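Next comes data25.cif, a file with mmCIF, C-alpha atoms and all ligand atoms.
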data_query
loop_
_atom_site.label_atom_id
_atom_site.label_comp_id
_atom_site.auth_asym_id
_atom_site.auth_seq_id
_atom_site.Cartn_x
_atom_site.Cartn_y
_atom_site.Cartn_z
CA MET M 1 149.39 322.77 107.98
CA ARG M 2 148.38 322.80 111.65
CA PRO M 3 151.43 323.09 113.96
CA VAL M 4 151.30 319.64 115.62
CA GLN M 5 149.71 317.71 112.76
CA GLY M 6 151.30 314.33 112.08
CA ARG M 7 153.78 314.77 114.92
CA ARG M 8 154.26 312.26 117.72
CA ILE M 9 154.13 313.71 121.21
CA LEU M 10 155.01 311.82 124.36
CA LEU M 11 152.92 313.45 127.08
CA GLY M 12 154.19 312.70 130.60
CA VAL M 13 151.90 313.35 133.56
CA THR M 14 153.19 313.36 137.13
CA GLY M 15 151.41 313.39 140.48
CA GLY M 16 150.15 316.93 140.97
CA ILE M 17 146.70 318.46 141.25
CA ALA M 18 147.18 320.29 137.95
CA SER M 19 147.04 316.93 136.13
CA TYR M 20 143.30 317.56 135.62
CA LYS M 21 144.29 320.31 133.17
CA THR M 22 146.52 317.91 131.24
CA ALA M 23 143.45 316.05 129.97
CA TRP M 24 142.57 319.24 128.07
CA LEU M 25 146.12 319.52 126.76
CA ALA M 26 145.95 315.92 125.50
CA ARG M 27 142.73 316.84 123.71
CA LEU M 28 144.31 319.92 122.10
CA PHE M 29 147.22 317.83 120.82
CA ALA M 30 144.92 315.07 119.53
CA GLN M 31 142.56 317.58 117.90
CA GLY M 32 145.55 319.23 116.25
CA GLY M 33 146.33 315.93 114.54
CA ALA M 34 149.21 314.72 116.74
CA GLU M 35 149.70 311.11 117.85
CA VAL M 36 149.81 311.36 121.61
CA ASP M 37 151.40 308.70 123.82
CA VAL M 38 150.58 309.36 127.45
CA VAL M 39 152.87 308.17 130.24
CA LEU M 40 151.45 308.51 133.75
CA THR M 41 153.68 308.11 136.80
CA ARG M 42 152.29 305.80 139.48
CA SER M 43 151.59 308.82 141.58
CA ALA M 44 149.74 310.55 138.71
CA ARG M 45 147.33 307.59 138.58
CA GLU M 46 146.17 308.61 142.06
CA PHE M 47 145.10 311.96 140.61
CA ILE M 48 143.69 311.12 137.17
CA GLY M 49 142.61 307.92 135.46
CA ALA M 50 144.31 306.33 132.46
CA VAL M 51 140.88 305.83 130.85
CA THR M 52 140.47 309.60 130.46
CA PHE M 53 143.67 309.83 128.43
CA GLU M 54 142.96 306.64 126.47
CA ALA M 55 139.60 308.07 125.43
CA LEU M 56 141.08 311.46 124.48
CA THR M 57 144.08 310.14 122.55
CA GLY M 58 142.71 306.85 121.22
CA ARG M 59 145.95 305.16 122.31
CA PRO M 60 147.01 303.02 125.27
CA VAL M 61 148.44 304.76 128.32
CA HIS M 62 151.74 303.61 129.85
CA THR M 63 152.96 303.61 133.44
CA GLU M 64 155.24 300.70 134.27
CA LEU M 65 158.87 300.41 133.32
CA VAL M 66 158.58 296.67 133.51
CA ALA M 67 155.22 295.64 132.13
CA GLU M 68 154.32 292.29 130.69
CA GLY M 69 154.93 292.27 126.95
CA HIS M 70 156.29 295.83 126.98
CA ALA M 71 159.80 295.39 128.30
CA LEU M 72 161.34 298.13 126.15
CA ASP M 73 158.55 300.72 126.28
CA HIS M 74 160.90 303.47 127.41
CA ILE M 75 163.10 303.03 124.36
CA THR M 76 160.32 302.72 121.77
CA LEU M 77 158.26 305.55 123.27
CA ALA M 78 161.22 307.89 123.59
CA ARG M 79 162.70 307.16 120.18
CA GLY M 80 159.39 307.56 118.36
CA ALA M 81 158.66 310.96 119.85
CA ASN M 82 159.16 314.27 118.04
CA LEU M 83 158.63 316.06 121.35
CA ILE M 84 158.29 315.14 125.02
CA VAL M 85 156.07 317.30 127.22
CA VAL M 86 155.81 316.67 130.97
CA ALA M 87 152.82 318.53 132.43
CA PRO M 88 152.53 318.89 135.31
CA ALA M 89 156.11 318.19 136.33
CA THR M 90 156.24 317.74 140.12
CA ALA M 91 159.11 318.97 142.28
CA ASP M 92 160.03 315.34 142.77
CA PHE M 93 160.06 314.65 139.04
CA LEU M 94 162.26 317.71 138.38
CA SER M 95 164.67 316.38 140.99
CA ARG M 96 164.70 312.93 139.38
CA ALA M 97 165.20 314.36 135.91
CA ALA M 98 167.97 316.71 137.11
CA SER M 99 169.89 313.83 138.62
CA GLY M 100 169.43 311.53 135.63
CA ARG M 101 167.41 308.86 137.45
CA ALA M 102 165.77 306.14 135.38
CA ASP M 103 163.85 304.06 137.92
CA ASP M 104 160.40 304.81 136.53
CA LEU M 105 159.09 304.78 132.96
CA LEU M 106 158.84 308.56 132.47
CA SER M 107 162.32 309.37 133.83
CA ALA M 108 163.77 306.54 131.74
CA CYS M 109 162.05 307.95 128.63
CA LEU M 110 163.77 311.30 129.19
CA LEU M 111 167.18 309.64 129.25
CA ALA M 112 166.47 307.54 126.17
CA ALA M 113 165.14 310.45 124.08
CA ASP M 114 166.84 312.78 121.67
CA ALA M 115 163.69 314.84 121.00
CA PRO M 116 163.29 318.24 122.65
CA VAL M 117 161.78 318.07 126.14
CA LEU M 118 159.34 320.65 127.54
CA LEU M 119 158.90 320.47 131.32
CA VAL M 120 155.93 322.30 132.80
CA PRO M 121 156.37 322.55 136.58
CA ALA M 122 153.37 323.02 138.86
CA MET M 123 153.55 323.05 142.62
CA ASN M 124 152.98 325.00 145.80
CA ASP M 125 154.68 328.41 145.55
CA ARG M 126 157.09 327.67 148.42
CA MET M 127 158.15 324.38 146.80
CA TRP M 128 158.81 326.30 143.55
CA ALA M 129 160.82 328.99 145.38
CA HIS M 130 162.91 326.45 147.35
CA LYS M 131 166.62 326.66 146.60
CA GLN M 132 166.70 322.96 145.79
CA THR M 133 163.99 323.34 143.12
CA VAL M 134 165.65 326.51 141.77
CA ALA M 135 168.95 324.62 141.50
CA ASN M 136 167.25 321.64 139.80
CA VAL M 137 165.59 323.92 137.23
CA GLU M 138 168.85 325.76 136.52
CA HIS M 139 170.63 322.47 136.03
CA LEU M 140 167.86 321.10 133.77
CA ARG M 141 168.03 324.25 131.63
CA SER M 142 171.81 323.94 131.38
CA LEU M 143 171.27 320.38 130.10
CA GLY M 144 169.05 321.72 127.31
CA TYR M 145 165.61 320.98 128.76
CA HIS M 146 162.98 323.63 128.14
CA VAL M 147 161.40 324.52 131.47
CA LEU M 148 158.29 326.69 131.36
CA ALA M 149 157.98 329.13 134.25
CA PRO M 150 154.79 328.58 136.24
CA ASP M 151 152.14 331.28 136.44
CA ALA M 152 151.42 333.30 139.54
CA GLY M 153 147.85 333.18 140.79
CA PRO M 154 145.58 331.14 143.03
CA LEU M 155 146.82 327.59 143.65
CA ALA M 156 144.57 324.56 144.06
CA SER M 157 144.38 324.82 147.82
CA PRO M 158 142.61 327.94 149.09
CA GLN M 159 145.03 328.07 152.04
CA GLU M 160 148.03 328.50 149.76
CA GLY M 161 149.55 331.75 148.55
CA ALA M 162 149.24 333.20 145.07
CA GLY M 163 152.94 333.21 144.17
CA PRO M 164 154.31 331.43 141.09
CA GLY M 165 153.50 327.72 141.04
CA ARG M 166 150.34 327.36 138.95
CA MET M 167 150.56 325.32 135.79
CA PRO M 168 150.12 327.57 132.72
CA GLU M 169 146.89 327.05 130.78
CA PRO M 170 146.80 324.17 128.25
CA THR M 171 146.60 326.61 125.32
CA THR M 172 149.85 328.24 126.48
CA ILE M 173 151.58 324.86 126.84
CA PHE M 174 150.28 323.92 123.38
CA ALA M 175 151.77 327.12 121.92
CA HIS M 176 155.19 326.36 123.44
CA ALA M 177 155.02 322.77 122.20
CA ALA M 178 154.15 323.96 118.70
CA ARG M 179 157.16 326.31 118.79
CA LEU M 180 159.49 323.45 119.68
CA LEU M 181 158.07 321.32 116.86
CA GLU M 182 158.51 324.04 114.24
CA PRO M 183 161.16 323.24 111.64
CA ARG M 184 164.19 325.56 111.64
CA SER M 185 163.00 328.89 110.26
CA ALA M 186 164.80 331.88 108.76
CA LEU M 187 162.94 333.94 111.37
CA ALA M 188 164.50 332.10 114.34
CA GLY M 189 166.22 334.62 116.61
CA LYS M 190 165.07 337.58 114.48
CA HIS M 191 163.17 340.53 115.92
CA VAL M 192 159.73 340.79 114.35
CA VAL M 193 157.58 343.82 115.16
CA VAL M 194 153.86 343.55 114.46
CA THR M 195 151.17 346.19 114.90
CA ALA M 196 147.58 345.07 115.49
CA GLY M 197 144.11 346.34 116.21
CA PRO M 198 142.52 349.75 115.99
CA THR M 199 143.59 352.93 117.72
CA ARG M 200 141.25 355.31 119.53
CA GLU M 201 141.17 359.08 119.32
CA ALA M 202 139.40 360.80 122.17
CA ILE M 203 136.58 363.30 121.67
CA ASP M 204 136.18 363.83 125.40
CA PRO M 205 137.11 361.69 128.47
CA VAL M 206 134.38 359.11 127.67
CA ARG M 207 133.98 359.14 123.86
CA TYR M 208 136.33 358.32 121.02
CA LEU M 209 136.68 357.76 117.28
CA SER M 210 137.85 354.32 116.21
CA ASN M 211 137.12 351.51 113.73
CA HIS M 212 135.99 347.89 113.66
CA SER M 213 139.45 346.26 113.61
CA SER M 214 139.58 343.30 116.05
CA GLY M 215 143.35 342.78 115.87
CA ARG M 216 142.88 339.14 114.82
CA MET M 217 145.10 339.40 111.73
CA GLY M 218 148.01 341.05 113.57
CA VAL M 219 147.73 338.63 116.47
CA ALA M 220 147.81 335.68 114.04
CA ILE M 221 151.01 337.09 112.48
CA ALA M 222 152.60 337.64 115.89
CA GLU M 223 151.69 334.08 116.91
CA SER M 224 153.08 332.57 113.73
CA ALA M 225 156.33 334.59 113.97
CA TRP M 226 156.82 333.53 117.59
CA ARG M 227 156.14 329.89 116.71
CA ARG M 228 158.85 330.17 114.04
CA GLY M 229 161.34 331.15 116.74
CA ALA M 230 161.31 334.95 116.37
CA ASP M 231 161.42 337.42 119.24
CA VAL M 232 158.17 339.23 118.69
CA THR M 233 157.05 342.69 119.77
CA LEU M 234 153.32 343.19 119.32
CA ILE M 235 152.28 346.84 119.35
CA ALA M 236 148.58 346.61 120.01
CA GLY M 237 145.68 349.00 120.19
CA PRO M 238 142.62 347.83 122.14
CA LEU M 239 142.10 344.25 120.89
CA ALA M 240 138.91 342.21 120.69
CA VAL M 241 140.89 338.94 120.72
CA PRO M 242 143.16 337.42 123.42
CA LEU M 243 146.84 338.35 123.49
CA PRO M 244 149.09 335.65 122.08
CA ASP M 245 151.58 333.65 124.17
CA GLY M 246 155.27 334.33 124.23
CA VAL M 247 155.27 337.75 122.58
CA HIS M 248 156.23 341.04 124.19
CA THR M 249 153.18 343.29 124.00
CA VAL M 250 153.24 347.08 124.00
CA ALA M 251 149.70 348.35 124.61
CA VAL M 252 148.85 351.68 122.99
CA GLU M 253 145.69 353.68 122.54
CA THR M 254 146.23 356.46 120.01
CA THR M 255 147.85 356.56 116.58
CA GLU M 256 150.58 358.88 117.91
CA GLN M 257 151.38 356.36 120.68
CA MET M 258 151.50 353.56 118.10
CA ALA M 259 153.87 355.61 115.92
CA ALA M 260 156.17 356.26 118.91
CA ALA M 261 156.19 352.56 119.84
CA VAL M 262 156.97 351.55 116.23
CA ARG M 263 159.80 354.09 116.08
CA SER M 264 161.46 352.73 119.22
CA ALA M 265 160.97 349.05 118.19
CA LEU M 266 162.48 349.75 114.74
CA ALA M 267 165.90 350.28 116.36
CA SER M 268 166.31 346.49 116.54
CA ALA M 269 163.65 345.20 114.11
CA ASP M 270 164.50 342.76 111.31
CA VAL M 271 160.90 342.65 110.13
CA LEU M 272 158.03 345.11 110.57
CA VAL M 273 154.48 344.01 109.79
CA MET M 274 151.91 346.81 109.97
CA ALA M 275 148.65 344.92 110.40
CA ALA M 276 146.97 347.53 112.61
CA ALA M 277 144.17 349.81 111.49
CA PRO M 278 145.22 353.07 113.13
CA ALA M 279 142.69 355.89 113.12
CA ASP M 280 143.53 358.30 110.29
CA PHE M 281 141.75 361.25 111.89
CA ARG M 282 141.33 362.67 115.35
CA PRO M 283 139.16 365.48 116.66
CA SER M 284 141.01 368.77 116.30
CA GLN M 285 139.89 369.71 119.77
CA LEU M 286 139.77 367.42 122.80
CA SER M 287 137.24 368.41 125.43
CA ASP M 288 138.69 368.07 128.94
CA SER M 289 135.30 367.28 130.44
CA LYS M 290 132.43 365.13 129.20
CA ILE M 291 130.34 366.98 126.62
CA LYS M 292 126.84 367.24 128.10
CA LYS M 293 123.92 365.75 126.21
CA GLY M 294 122.33 369.16 125.88
CA ALA M 295 125.53 370.71 124.50
CA ARG M 296 125.75 368.55 121.35
CA PRO M 297 128.24 370.09 118.94
CA GLU M 298 126.87 370.66 115.43
CA ALA M 299 130.01 369.10 113.97
CA ILE M 300 133.31 367.65 115.11
CA ALA M 301 136.27 369.08 113.25
CA LEU M 302 138.91 366.47 112.42
CA GLU M 303 142.61 366.58 111.68
CA ASN M 304 144.93 363.93 110.30
CA THR M 305 146.92 361.69 112.64
CA SER M 306 150.48 360.72 111.74
CA ASP M 307 151.04 358.33 108.87
CA ILE M 308 153.01 355.75 110.87
CA LEU M 309 154.91 354.22 107.94
CA ALA M 310 155.91 357.63 106.60
CA THR M 311 156.90 359.19 109.91
CA THR M 312 158.97 356.21 111.07
CA ARG M 313 160.71 355.53 107.76
CA ASP M 314 163.95 357.21 108.86
CA ALA M 315 164.11 354.89 111.92
CA ARG M 316 164.30 351.69 109.80
CA ARG M 317 167.61 349.86 109.78
CA PRO M 318 168.96 349.03 106.32
CA GLY M 319 167.52 345.71 105.22
CA THR M 320 164.50 345.71 107.54
CA ILE M 321 161.72 343.89 105.70
CA VAL M 322 158.54 345.94 105.83
CA VAL M 323 155.06 344.56 105.17
CA GLY M 324 152.13 346.97 104.94
CA PHE M 325 148.41 346.29 104.75
CA ALA M 326 145.86 348.08 102.65
CA LEU M 327 142.14 347.85 103.16
CA GLU M 328 140.47 349.45 100.15
CA THR M 329 136.98 349.68 98.77
CA ASP M 330 137.64 350.93 95.22
CA ASP M 331 140.40 350.31 92.66
CA VAL M 332 141.92 348.08 95.27
CA LEU M 333 145.07 346.92 93.46
CA VAL M 334 145.86 350.29 91.90
CA HIS M 335 145.84 352.06 95.25
CA ALA M 336 147.84 349.29 96.88
CA ALA M 337 150.53 349.33 94.18
CA LYS M 338 150.97 353.08 94.70
CA LYS M 339 151.28 352.60 98.45
CA LEU M 340 153.88 349.86 97.95
CA GLU M 341 156.15 352.29 96.11
CA ALA M 342 155.37 355.46 98.05
CA LYS M 343 155.97 353.87 101.44
CA ASP M 344 158.99 351.84 100.38
CA LEU M 345 157.52 348.47 101.37
CA ASP M 346 158.70 344.96 100.51
CA PHE M 347 155.15 343.60 100.44
CA ILE M 348 151.69 344.98 100.69
CA VAL M 349 148.80 342.76 101.71
CA VAL M 350 145.60 343.99 100.17
CA ASN M 351 142.08 343.22 101.15
CA ASP M 352 138.86 344.48 99.75
CA ALA M 353 136.64 345.85 102.52
CA ARG M 354 133.55 344.87 100.50
CA GLU M 355 134.53 341.21 100.19
CA ILE M 356 132.33 338.90 102.29
CA GLY M 357 134.32 336.83 104.79
CA ALA M 358 137.33 339.13 104.58
CA GLY M 359 138.56 342.06 106.62
CA PHE M 360 137.53 343.34 110.03
CA GLY M 361 136.40 340.93 112.73
CA SER M 362 136.03 337.83 110.57
CA GLU M 363 138.13 334.71 111.13
CA THR M 364 138.88 334.48 107.45
CA ASN M 365 140.46 336.77 104.91
CA ARG M 366 140.94 336.85 101.16
CA VAL M 367 144.06 338.83 100.34
CA THR M 368 146.31 339.61 97.44
CA ILE M 369 149.99 340.05 98.19
CA LEU M 370 151.89 342.55 96.08
CA ALA M 371 155.67 342.61 95.95
CA ARG M 372 157.66 345.04 93.88
CA GLY M 373 158.37 343.83 90.36
CA ALA M 374 156.16 340.74 90.79
CA GLN M 375 152.69 339.77 89.62
CA PRO M 376 149.92 340.13 92.23
CA ASP M 377 149.66 336.94 94.27
CA ALA M 378 145.92 336.38 94.92
CA LEU M 379 145.31 333.90 97.73
CA PRO M 380 142.02 332.03 98.18
CA LEU M 381 139.72 332.64 101.15
CA LEU M 382 141.77 331.39 104.11
CA LEU M 383 141.71 331.45 107.89
CA LYS M 384 143.62 334.48 109.17
CA THR M 385 146.09 332.06 110.76
CA GLU M 386 146.74 330.62 107.28
CA VAL M 387 147.07 334.11 105.78
CA ALA M 388 149.61 334.90 108.53
CA ASP M 389 151.63 331.82 107.57
CA ALA M 390 151.46 332.72 103.88
CA ILE M 391 152.79 336.23 104.59
CA LEU M 392 155.63 335.00 106.80
CA ASP M 393 156.56 332.26 104.29
CA ARG M 394 157.15 335.08 101.78
CA VAL M 395 159.14 337.12 104.31
CA GLU M 396 161.28 334.05 104.98
CA GLY M 397 161.74 333.63 101.23
CA VAL M 398 163.23 337.14 101.00
CA MET M 399 165.50 336.45 103.99
CA ARG M 400 166.79 333.21 102.51
CA GLY M 401 167.41 334.88 99.15
CA ARG M 402 169.81 337.40 100.68
C1 LIG W 501 146.96 316.06 147.28
C2 LIG W 501 148.36 316.16 146.79
C3 LIG W 501 148.70 317.14 145.87
C4 LIG W 501 150.01 317.26 145.43
N1 LIG W 501 150.29 318.23 144.50
C5 LIG W 501 151.55 318.39 144.09
C6 LIG W 501 151.88 319.40 143.15
O1 LIG W 501 151.02 320.16 142.68
N2 LIG W 501 153.18 319.54 142.77
C7 LIG W 501 154.15 318.74 143.25
O2 LIG W 501 155.30 318.96 142.89
N3 LIG W 501 153.87 317.74 144.12
C8 LIG W 501 152.60 317.55 144.54
N4 LIG W 501 152.31 316.55 145.43
C9 LIG W 501 153.38 315.65 145.85
C10 LIG W 501 153.64 314.58 144.80
O3 LIG W 501 152.44 313.85 144.52
C11 LIG W 501 154.73 313.62 145.30
O4 LIG W 501 155.95 314.32 145.41
C12 LIG W 501 154.89 312.40 144.40
O5 LIG W 501 155.91 311.59 144.92
C13 LIG W 501 155.25 312.80 142.98
O6 LIG W 501 155.45 311.63 142.22
P1 LIG W 501 155.77 311.67 140.66
O7 LIG W 501 156.69 312.81 140.45
O8 LIG W 501 156.38 310.36 140.35
O9 LIG W 501 154.46 311.80 139.95
C14 LIG W 501 151.00 316.40 145.90
C15 LIG W 501 150.66 315.41 146.82
C16 LIG W 501 149.37 315.29 147.25
C17 LIG W 501 149.03 314.20 148.22
#
The structure given in the file should be rewritten as structure tokens.
Ligand SMILES: Cc1cc2nc3c(=O)[nH]c(=O)nc-3n(C[C@H](O)[C@H](O)[C@H](O)COP(=O)(O)O)c2cc1C
Amino acid sequence: MRPVQGRRILLGVTGGIASYKTAWLARLFAQGGAEVDVVLTRSAREFIGAVTFEALTGRPVHTELVAEGHALDHITLARGANLIVVAPATADFLSRAASGRADDLLSACLLAADAPVLLVPAMNDRMWAHKQTVANVEHLRSLGYHVLAPDAGPLASPQEGAGPGRMPEPTTIFAHAARLLEPRSALAGKHVVVTAGPTREAIDPVRYLSNHSSGRMGVAIAESAWRRGADVTLIAGPLAVPLPDGVHTVAVETTEQMAAAVRSALASADVLVMAAAPADFRPSQLSDSKIKKGARPEAIALENTSDILATTRDARRPGTIVVGFALETDDVLVHAAKKLEAKDLDFIVVNDAREIGAGFGSETNRVTILARGAQPDALPLLLKTEVADAILDRVEGVMRGR
């Protein structure tokens, strides 16, 4: 199921320039299947029209605390919400929320709600750095509000600095909202380590050996684990897809670097998911300078790189759940079952490299999950995001069974 589907989100918009981005956020929520009730402050109406939000959400937009026929809007809106998101949240709104004011509809909704509240500040960098704003944010966090730190980067006005103050992108806000809507998971607070993407093994300073892995599967797993409340370390080779929000990323290039990063992350890992496609071979000799066109070698001798699962096995803590991946072309299940035993894995996720719509680069995957002592669990062709959820559902099942 999509993360916001069927959920009711109260989306508050206050009077900042970044409110133009909130229209896109409203669309993401609505497209994801959420019911979105938009509350604009009076000031926000100077920046963006209610009609935009009404068209995007298919629902009426609210502004006034005392409106004809809607005397108790703040109570009904707040009580019906599974989540309240205020984006952008102005400095003034943060101040009102921190002092518990209720003299406009949006502030009153915050006081009447028992749903989680995500505040997304956006303002000039000096306003954000002001001690008063810092104190308001600290106080709001101590009250249990979730306050997203603004991004650094160019602000709306070209005269302004590039310090923190920019509203994060709508996709980032969506990811944080989805995390707050996620039901309590066995992965909450656990450390999940995920590897993703290919590695590269240099031939000379400009050429390398690698493979077609995009990193999409590993990124989907990292995203899903983070949404479930885990602290996620993503150990990533060069990816062809954007990095996910919220996760700690360790960028690596070679298989040896990936092995070293896995070893150090294993010291605190509760779960390790090896979704990367590390290069199995590297040139035996690395040329320090670019090999000239006229000096083409007849052959490139190769040697094996480290087997990451084997060489890091001694670094696993007892009880760490380990999920491996196997991409095979022949006798797929037989090879995978051997790997499950030999590498001491809890699960192995197998895909057939010859299957259309599965494997490298594609948005979909058809996998079979093998667990020790259990029948192979063949899943239908699914989006990689759905495969990621299916894998982590099984990991959670093991955790709950302990
Ligand atoms: C052009 C313009 C842009 C503004 N942008 C911001 C902003 O990005 N962040 C902010 O905190 N205040 C900004 N303000 C100030 C707020 O609009 C002002 O504090 C207002 O009272 C906020 O009301 P509200 O919090 O009820 O929406 C801006 C004001 C103007 C005139």
Distance filter 8 Å around ligand LIG 501 (chain W), atoms: only C-alpha atoms and all ligand atoms, out as a PDB file with C-alpha atoms, in the coordinates of the input:
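Result written to part-v9.pdb:
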ATOM      1  CA  VAL M  13     151.900 313.350 133.560  1.00  0.00           C
ATOM      2  CA  THR M  14     153.190 313.360 137.130  1.00  0.00           C
ATOM      3  CA  GLY M  15     151.410 313.390 140.480  1.00  0.00           C
ATOM      4  CA  GLY M  16     150.150 316.930 140.970  1.00  0.00           C
ATOM      5  CA  ILE M  17     146.700 318.460 141.250  1.00  0.00           C
ATOM      6  CA  ALA M  18     147.180 320.290 137.950  1.00  0.00           C
ATOM      7  CA  LEU M  40     151.450 308.510 133.750  1.00  0.00           C
ATOM      8  CA  THR M  41     153.680 308.110 136.800  1.00  0.00           C
ATOM      9  CA  ARG M  42     152.290 305.800 139.480  1.00  0.00           C
ATOM     10  CA  SER M  43     151.590 308.820 141.580  1.00  0.00           C
ATOM     11  CA  ALA M  44     149.740 310.550 138.710  1.00  0.00           C
ATOM     12  CA  PRO M  88     152.530 318.890 135.310  1.00  0.00           C
ATOM     13  CA  ALA M  89     156.110 318.190 136.330  1.00  0.00           C
ATOM     14  CA  THR M  90     156.240 317.740 140.120  1.00  0.00           C
ATOM     15  CA  ALA M  91     159.110 318.970 142.280  1.00  0.00           C
ATOM     16  CA  ASP M  92     160.030 315.340 142.770  1.00  0.00           C
ATOM     17  CA  PHE M  93     160.060 314.650 139.040  1.00  0.00           C
ATOM     18  CA  LEU M  94     162.260 317.710 138.380  1.00  0.00           C
ATOM     19  CA  ASP M 104     160.400 304.810 136.530  1.00  0.00           C
ATOM     20  CA  PRO M 121     156.370 322.550 136.580  1.00  0.00           C
ATOM     21  CA  ALA M 122     153.370 323.020 138.860  1.00  0.00           C
ATOM     22  CA  MET M 123     153.550 323.050 142.620  1.00  0.00           C
ATOM     23  CA  ASN M 124     152.980 325.000 145.800  1.00  0.00           C
ATOM     24  CA  MET M 127     158.150 324.380 146.800  1.00  0.00           C
ATOM     25  CA  ALA M 156     144.570 324.560 144.060  1.00  0.00           C
TER      26      ALA M 156
END
Looking at M:Ala102, M:Ile173, M:Ala67, M:Val39, which one is nearest to M:Asp151, with distances taken over all atoms listed in the file?
M:Ile173
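Between atom CA of M:Ser19 and atom CA of M:Thr63 there is a distance of 14.8 Å.
Taking all atoms listed in the file into account, M:Val387 lies nearest to M:Ser224 out of the set M:Ala336, M:Phe347, M:Leu286, M:Ser224.
Residues of protein, DNA and RNA with at least one atom no farther than 9 Å from (153.4, 322.8, 122.1) are, using all atoms listed in the file, Pro3, Val4, Phe29, Leu83, Val85, Leu118, Thr171, Thr172, Ile173, Phe174, Ala175, His176, Ala177, Ala178, Arg179, Leu180 and Leu181 of chain M.
Nearest to M:Ala186 of all the residues M:Ala342, M:Leu119, M:Val398, M:Val322 is M:Val398, based on all atoms listed in the file.
Atom pair atom CA of M:Arg126 / atom CA of M:Leu106 has a distance of 25.0 Å (rounded to one decimal).
Take atom CA of M:Arg372 and atom CA of M:Asp346: the distance between them is 6.7 Å.
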Could you name the residues that touch M:Asp125 at 7 Å or less, counting only C-alpha atoms, but leaving out those on the same chain fewer than 2 positions away, as a list of chain:residue names?
M:Met123, M:Met127, M:Trp128, M:Ala129, M:Gly161, M:Gly163, M:Pro164, M:Gly165
For stretch 290-330 of chain M versus stretch 216-221 of chain M, which residues have an atom no more than 12 Å away, and what is each residue's nearest atom pair and distance in Å rounded to one decimal, using all atoms listed in the file, chain-then-number order, as a tab-separated table?
residue	atom	partner	partner_atom	distance
M:Val323	CA	M:Ile221	CA	11.2
M:Gly324	CA	M:Gly218	CA	11.2
M:Phe325	CA	M:Gly218	CA	10.3
Expected residue set, 12 Å radius at (173.3, 317.6, 131.6), all atoms listed in the file, as a ChimeraX atom specification
/M:97-100,110-111,136-145
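Minimum atom-to-atom distance to M:Pro244, evaluated using all atoms listed in the file, belongs to M:Gly215 out of M:Pro297, M:Gly215, M:Pro183, M:Gly397.
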Skipping near chain neighbours, those fewer than 2 positions away, what residues fall within 10 Å of M:Thr311 using only C-alpha atoms, listed as a ChimeraX atom specification?
/M:259-260,262-263,306-309,313-315
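Candidate residues M:Leu65, M:Ile291, M:Ala230, M:Leu333 were compared for distance to M:Ala188, and the nearest is M:Ala230, using all atoms listed in the file.
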6 Å contact set for stretch 377-384 of chain M, all atoms listed in the file, chain neighbours under 2 positions out, as an NGL selection string:
:M and (217 or 363-369 or 386-387)
Here is a test: counting only C-alpha atoms, which residue of M:Leu266, M:Trp226, M:Leu209, M:Asp352 is nearest to M:His335?
M:Asp352
Residues within 8 Å of M:Ala277, only C-alpha atoms, excluding chain neighbours under 2 positions, as number ranges by chain
M: 196-199, 211, 213, 275, 279
Selection: 12 Å around M:Thr305, only C-alpha atoms, excl. self and same-chain fewer than 5 positions, as a tab-separated table (two decimals) with C-alpha atoms, in the frame of the given file:
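Just written: part.tsv:
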chain	number	residue	atom	x	y	z
M	199	THR	CA	143.59	352.93	117.72
M	200	ARG	CA	141.25	355.31	119.53
M	201	GLU	CA	141.17	359.08	119.32
M	209	LEU	CA	136.68	357.76	117.28
M	254	THR	CA	146.23	356.46	120.01
M	255	THR	CA	147.85	356.56	116.58
M	256	GLU	CA	150.58	358.88	117.91
M	257	GLN	CA	151.38	356.36	120.68
M	258	MET	CA	151.50	353.56	118.10
M	259	ALA	CA	153.87	355.61	115.92
M	278	PRO	CA	145.22	353.07	113.13
M	279	ALA	CA	142.69	355.89	113.12
M	280	ASP	CA	143.53	358.30	110.29
M	281	PHE	CA	141.75	361.25	111.89
M	282	ARG	CA	141.33	362.67	115.35
M	283	PRO	CA	139.16	365.48	116.66
M	284	SER	CA	141.01	368.77	116.30
M	310	ALA	CA	155.91	357.63	106.60
M	311	THR	CA	156.90	359.19	109.91
Kindly compute an axis-aligned box around the listed atoms of stretch 171-183 of chain M, allowing 5 Å on each side, and express its centre and edge lengths in Å to one decimal as AutoDock Vina command-line options.
--center_x 153.9 --center_y 324.8 --center_z 119.2 --size_x 24.6 --size_y 16.9 --size_z 25.2
